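Trainee: query.txt is reproduced below (compact mmCIF, C-alpha atoms).
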```txt
# COMPACT_ATOMS: atom_id res chain seq x y z
CA MET A 1 31.70 15.15 10.04
CA PRO A 2 34.72 14.11 7.92
CA ALA A 3 34.00 13.38 4.25
CA LEU A 4 35.01 9.69 4.58
CA LYS A 5 32.52 9.09 7.41
CA ARG A 6 29.75 10.83 5.44
CA SER A 7 30.53 8.65 2.40
CA ILE A 8 30.44 5.44 4.45
CA PHE A 9 27.19 6.52 6.11
CA ARG A 10 25.54 7.30 2.76
CA LYS A 11 26.55 3.93 1.31
CA ALA A 12 25.28 2.10 4.39
CA ALA A 13 22.02 4.05 4.33
CA ALA A 14 21.51 3.29 0.62
CA ALA A 15 21.97 -0.43 1.24
CA ALA A 16 19.69 -0.63 4.28
CA VAL A 17 16.37 -2.46 4.14
CA LEU A 18 13.53 -0.09 4.99
CA SER A 19 10.25 -1.02 6.63
CA VAL A 20 7.38 1.45 6.50
CA ALA A 21 3.72 0.90 7.35
CA LEU A 22 1.56 0.97 4.24
CA GLY A 23 -2.12 0.13 4.42
CA ALA A 24 -2.68 -3.49 5.44
CA GLY A 25 0.94 -4.52 4.92
CA THR A 26 4.45 -3.21 5.18
CA LEU A 27 6.78 -1.91 2.53
CA ALA A 28 10.22 -3.47 2.45
CA ALA A 29 12.68 -1.86 0.08
CA ALA A 30 14.85 -4.40 -1.62
CA ALA A 31 18.29 -2.92 -1.15
CA PRO A 32 20.82 -2.93 -3.98
CA ALA A 33 22.87 -5.36 -1.97
CA SER A 34 25.28 -6.22 -4.72
CA ALA A 35 26.56 -4.72 -7.91
CA ASN A 36 27.16 -7.41 -10.52
CA GLY A 37 28.07 -9.91 -7.85
CA GLY A 38 26.88 -11.94 -4.91
CA THR A 39 24.41 -13.92 -7.00
CA PRO A 40 24.75 -16.23 -9.98
CA ALA A 41 25.76 -14.46 -13.19
CA SER A 42 22.70 -16.04 -14.85
CA CYS A 43 20.47 -13.68 -12.84
CA ALA A 44 21.59 -10.88 -15.16
CA GLN A 45 20.01 -12.67 -18.12
CA THR A 46 16.40 -11.68 -18.69
CA THR A 47 15.00 -15.20 -18.96
CA ALA A 48 17.34 -17.04 -16.57
CA PRO A 49 16.09 -18.23 -13.17
CA CYS A 50 17.30 -16.24 -10.18
CA THR A 51 16.84 -17.97 -6.85
CA ALA A 52 19.44 -16.58 -4.46
CA GLY A 53 19.94 -13.04 -3.26
CA VAL A 54 22.94 -11.97 -1.20
CA SER A 55 21.23 -12.60 2.16
CA THR A 56 17.83 -13.71 3.49
CA VAL A 57 15.02 -11.66 5.02
CA TYR A 58 11.72 -13.15 6.19
CA VAL A 59 8.45 -11.44 5.23
CA THR A 60 4.77 -12.13 5.81
CA PRO A 61 1.85 -12.16 3.34
CA GLY A 62 0.62 -8.65 2.65
CA THR A 63 4.13 -7.19 2.60
CA ILE A 64 4.83 -4.95 -0.36
CA LEU A 65 8.38 -5.37 -1.61
CA GLY A 66 9.94 -2.40 -3.37
CA ALA A 67 13.21 -2.23 -5.28
CA ASN A 68 15.59 0.33 -3.78
CA LYS A 69 16.16 3.15 -6.27
CA TYR A 70 18.94 4.82 -4.29
CA GLY A 71 22.67 4.65 -4.93
CA TRP A 72 22.50 4.87 -8.72
CA PRO A 73 24.17 7.76 -10.57
CA LYS A 74 21.83 10.56 -11.63
CA GLY A 75 20.25 9.90 -15.02
CA THR A 76 20.41 6.10 -14.77
CA LYS A 77 17.43 4.34 -16.39
CA LEU A 78 16.24 1.56 -14.07
CA GLU A 79 14.45 -1.65 -15.05
CA TYR A 80 13.09 -4.14 -12.51
CA ARG A 81 12.66 -7.89 -12.76
CA TRP A 82 11.10 -9.84 -9.89
CA PHE A 83 11.63 -13.57 -9.51
CA LEU A 84 9.35 -15.87 -7.51
CA ASN A 85 10.97 -19.18 -6.61
CA GLY A 86 13.52 -18.59 -9.36
CA LYS A 87 11.06 -17.87 -12.13
CA ILE A 88 9.93 -14.64 -13.75
CA PHE A 89 6.27 -14.03 -12.96
CA ALA A 90 3.52 -11.98 -14.59
CA GLY A 91 3.52 -8.41 -13.33
CA GLY A 92 7.08 -8.69 -12.05
CA TRP A 93 8.36 -5.73 -14.08
CA ASN A 94 7.34 -3.03 -11.61
CA ALA A 95 9.37 -1.31 -8.88
CA THR A 96 7.11 -3.01 -6.28
CA THR A 97 5.37 -6.36 -5.84
CA LYS A 98 3.05 -7.71 -3.17
CA VAL A 99 3.58 -10.92 -1.23
CA TRP A 100 0.32 -12.87 -1.44
CA GLY A 101 -0.84 -15.46 1.03
CA PRO A 102 -3.89 -17.35 2.25
CA PRO A 103 -6.68 -17.64 1.31
CA VAL A 104 -5.61 -16.78 -2.26
CA VAL A 105 -2.50 -18.96 -2.37
CA ASP A 106 -0.29 -20.90 0.03
CA SER A 107 2.91 -18.89 -0.16
CA GLN A 108 4.77 -20.39 2.83
CA GLY A 109 8.44 -20.69 1.84
CA ASP A 110 8.13 -18.73 -1.42
CA LYS A 111 11.29 -16.80 -2.33
CA PHE A 112 11.31 -13.36 -3.95
CA VAL A 113 14.40 -11.75 -5.50
CA VAL A 114 14.54 -8.53 -7.53
CA ARG A 115 17.14 -7.72 -10.14
CA VAL A 116 17.57 -4.03 -10.95
CA LYS A 117 19.21 -3.18 -14.25
CA GLY A 118 20.68 0.31 -14.47
CA THR A 119 21.58 1.75 -17.87
CA LEU A 120 23.65 4.91 -18.20
CA ALA A 121 25.48 6.09 -21.32
CA GLY A 122 24.76 2.78 -23.06
CA LYS A 123 26.34 0.65 -20.33
CA ALA A 124 24.29 -1.67 -18.13
CA SER A 125 24.97 -2.86 -14.60
CA TYR A 126 22.92 -5.05 -12.29
CA ARG A 127 22.14 -5.09 -8.59
CA PHE A 128 20.37 -7.85 -6.75
CA SER A 129 18.27 -7.76 -3.63
CA ARG A 130 18.26 -10.02 -0.67
CA THR A 131 16.15 -13.17 -0.89
CA TYR A 132 12.77 -12.49 0.70
CA VAL A 133 11.29 -15.71 2.11
CA VAL A 134 7.59 -15.85 3.03
CA ARG A 135 6.91 -17.04 6.55
CA TYR A 136 3.58 -17.06 8.43
```
Once more with this new file: its structure as structure tokens, please.
Mentor:
Amino acid sequence: MPALKRSIFRKAAAAAVLSVALGAGTLAAAAPASANGGTPASCAQTTAPCTAGVSTVYVTPGTILGANKYGWPKGTKLEYRWFLNGKIFAGGWNATTKVWGPPVVDSQGDKFVVRVKGTLAGKASYRFSRTYVVRY
């Protein structure tokens, strides 16, 4: 396979959303759909609300969302920040988060977005996921 086709395939594979069965729910990897773009610049700020990813995917309660760790240069330190309806929420610093639903909480229409901060050689860059909207 020519080098250009392999490169395009690898980039497409790194940006794909994965679904894998995991216990009672599914695991959806939040792809690094954009690099410093596609969402408001304020999403890069730690305390700013982030409400819009680069596209929309619908998920159901019980789904475990995971930030995609692929596509970053080797040695990059990754930090994760999950937003629920535009606000940072407790426990949203992990690589994964679970979509809750009834009977614990009515999550219909909730929107999840993850911001991944990659730091390498003192320089930071950001990638944002799609917007995951809860639907029953």
Trainee: Measuring between all atoms listed in the file, which one of A:Lys87, A:Lys123, A:Arg130, A:Lys111 shows the shortest distance to Ala67 in chain A?
Mentor: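 Looking at the shortest contact to Ala67 in chain A, the residue is A:Arg130.
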Trainee: Please provide as a short mmCIF file (atom, residue, chain, number, x, y, z; two decimals) with C-alpha atoms, in the frame of the given file all residues within 8 Å of Gln108 in chain A, with the sequence filter that same-chain residues fewer than 3 positions apart are discarded (counting all atoms listed in the file).
Mentor:
```cif
data_model
loop_
_atom_site.label_atom_id
_atom_site.label_comp_id
_atom_site.auth_asym_id
_atom_site.auth_seq_id
_atom_site.Cartn_x
_atom_site.Cartn_y
_atom_site.Cartn_z
CA GLY A 101 -0.84 -15.46 1.03
CA VAL A 134 7.59 -15.85 3.03
CA ARG A 135 6.91 -17.04 6.55
CA TYR A 136 3.58 -17.06 8.43
#
```
Trainee: Nearest residue to Pro61 in chain A out of A:Tyr126, A:Trp100, A:Trp82, A:Phe112, using only C-alpha atoms?
Mentor: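 Checking each candidate against Pro61 in chain A, we get A:Trp100 as the closest.
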Trainee: Just to confirm, what's the straight-line distance from CA of Thr63 in chain A to CA of Val114 in chain A in Å (one decimal)?
Mentor: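 Here the two named atoms are 14.6 Å from each other.
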Trainee: With only C-alpha atoms as the atoms that count, which of A:Ile64, A:Val57, A:Leu78, A:Val133 lies nearest to Gly109 in chain A?
Mentor: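 Selected residue with least distance to Gly109 in chain A: A:Val133.
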Trainee: One number please: CA of Phe128 in chain A to CA of Val116 in chain A, in Å, one decimal.
Mentor: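 Answer for the CA of Phe128 in chain A to CA of Val116 in chain A separation: 6.3 Å.
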Trainee: Distance CA of Phe83 in chain A-CA of Gly122 in chain A, one decimal place?
Mentor: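 CA of Gly122 in chain A lies at a distance of 25.0 Å from CA of Phe83 in chain A.
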Trainee: Within 9 Å of Trp93 in chain A, counting all atoms listed in the file, which residues qualify if same-chain residues fewer than 3 places away don't, as a list in words?
Mentor: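 Returned residues: Glu79, Tyr80, Arg81, Trp82, Phe89, Ala90, Thr96 and Thr97 of chain A.
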Trainee: How would the residues just chosen look if you wrote them out with C-alpha atoms as a compact mmCIF listing (two decimals), in the coordinates of the input?
Mentor:
```
# COMPACT_ATOMS: atom_id res chain seq x y z
CA GLU A 79 14.45 -1.65 -15.05
CA TYR A 80 13.09 -4.14 -12.51
CA ARG A 81 12.66 -7.89 -12.76
CA TRP A 82 11.10 -9.84 -9.89
CA PHE A 89 6.27 -14.03 -12.96
CA ALA A 90 3.52 -11.98 -14.59
CA THR A 96 7.11 -3.01 -6.28
CA THR A 97 5.37 -6.36 -5.84
```
Trainee: Tell me which of A:Thr60, A:Asn85, A:Val99, A:Ser125 sits closest to Val113 in chain A, counting all atoms listed in the file.
Mentor: A:Asn85
Trainee: From the list A:Asn94, A:Leu84, A:Gly66, A:Pro73, which residue is nearest Ser107 in chain A when using only C-alpha atoms?
Mentor: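 The shortest atom-to-atom distance to Ser107 in chain A comes from A:Leu84.
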Trainee: Could you pull range 115-130 of chain A out of the structure I just pasted and write it to a file containing N, CA, C and O atoms, as an mmCIF file, in the first residue's frame?
Mentor:
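Saved as out_10.cif:
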```cif
data_model
loop_
_atom_site.group_PDB
_atom_site.id
_atom_site.type_symbol
_atom_site.label_atom_id
_atom_site.label_comp_id
_atom_site.auth_asym_id
_atom_site.auth_seq_id
_atom_site.Cartn_x
_atom_site.Cartn_y
_atom_site.Cartn_z
ATOM 1 N N ARG A 115 -12.622 17.609 26.457
ATOM 2 C CA ARG A 115 -11.483 18.368 25.936
ATOM 3 C C ARG A 115 -10.235 17.641 26.401
ATOM 4 O O ARG A 115 -10.087 17.337 27.582
ATOM 5 N N VAL A 116 -9.356 17.296 25.463
ATOM 6 C CA VAL A 116 -8.102 16.634 25.798
ATOM 7 C C VAL A 116 -6.981 17.637 25.574
ATOM 8 O O VAL A 116 -6.853 18.212 24.497
ATOM 9 N N LYS A 117 -6.200 17.856 26.621
ATOM 10 C CA LYS A 117 -5.057 18.753 26.543
ATOM 11 C C LYS A 117 -3.807 17.892 26.455
ATOM 12 O O LYS A 117 -3.573 17.033 27.309
ATOM 13 N N GLY A 118 -3.022 18.093 25.414
ATOM 14 C CA GLY A 118 -1.768 17.375 25.248
ATOM 15 C C GLY A 118 -0.601 18.319 25.444
ATOM 16 O O GLY A 118 -0.564 19.385 24.833
ATOM 17 N N THR A 119 0.329 17.946 26.316
ATOM 18 C CA THR A 119 1.502 18.775 26.573
ATOM 19 C C THR A 119 2.755 17.989 26.199
ATOM 20 O O THR A 119 2.953 16.864 26.661
ATOM 21 N N LEU A 120 3.568 18.596 25.343
ATOM 22 C CA LEU A 120 4.822 17.985 24.911
ATOM 23 C C LEU A 120 5.858 19.091 24.779
ATOM 24 O O LEU A 120 5.595 20.108 24.121
ATOM 25 N N ALA A 121 6.983 18.916 25.415
ATOM 26 C CA ALA A 121 8.078 19.891 25.367
ATOM 27 C C ALA A 121 7.607 21.282 25.774
ATOM 28 O O ALA A 121 7.989 22.290 25.181
ATOM 29 N N GLY A 122 6.735 21.339 26.789
ATOM 30 C CA GLY A 122 6.280 22.623 27.309
ATOM 31 C C GLY A 122 5.198 23.317 26.497
ATOM 32 O O GLY A 122 4.756 24.395 26.854
ATOM 33 N N LYS A 123 4.783 22.723 25.394
ATOM 34 C CA LYS A 123 3.748 23.332 24.555
ATOM 35 C C LYS A 123 2.468 22.518 24.670
ATOM 36 O O LYS A 123 2.491 21.295 24.635
ATOM 37 N N ALA A 124 1.340 23.228 24.789
ATOM 38 C CA ALA A 124 0.046 22.561 24.943
ATOM 39 C C ALA A 124 -0.790 22.719 23.682
ATOM 40 O O ALA A 124 -0.743 23.754 23.014
ATOM 41 N N SER A 125 -1.538 21.678 23.371
ATOM 42 C CA SER A 125 -2.531 21.751 22.297
ATOM 43 C C SER A 125 -3.781 21.043 22.786
ATOM 44 O O SER A 125 -3.727 20.253 23.722
ATOM 45 N N TYR A 126 -4.907 21.352 22.167
ATOM 46 C CA TYR A 126 -6.197 20.833 22.612
ATOM 47 C C TYR A 126 -6.905 20.135 21.474
ATOM 48 O O TYR A 126 -6.806 20.547 20.325
ATOM 49 N N ARG A 127 -7.652 19.099 21.833
ATOM 50 C CA ARG A 127 -8.529 18.418 20.884
ATOM 51 C C ARG A 127 -9.873 18.251 21.570
ATOM 52 O O ARG A 127 -9.941 18.019 22.774
ATOM 53 N N PHE A 128 -10.916 18.345 20.790
ATOM 54 C CA PHE A 128 -12.264 18.276 21.328
ATOM 55 C C PHE A 128 -13.021 17.133 20.683
ATOM 56 O O PHE A 128 -12.853 16.849 19.513
ATOM 57 N N SER A 129 -13.879 16.520 21.468
ATOM 58 C CA SER A 129 -14.665 15.401 20.967
ATOM 59 C C SER A 129 -15.893 15.902 20.225
ATOM 60 O O SER A 129 -16.138 17.098 20.114
ATOM 61 N N ARG A 130 -16.666 14.951 19.803
ATOM 62 C CA ARG A 130 -17.992 15.245 19.300
ATOM 63 C C ARG A 130 -18.863 15.596 20.504
ATOM 64 O O ARG A 130 -18.461 15.375 21.642
#
```
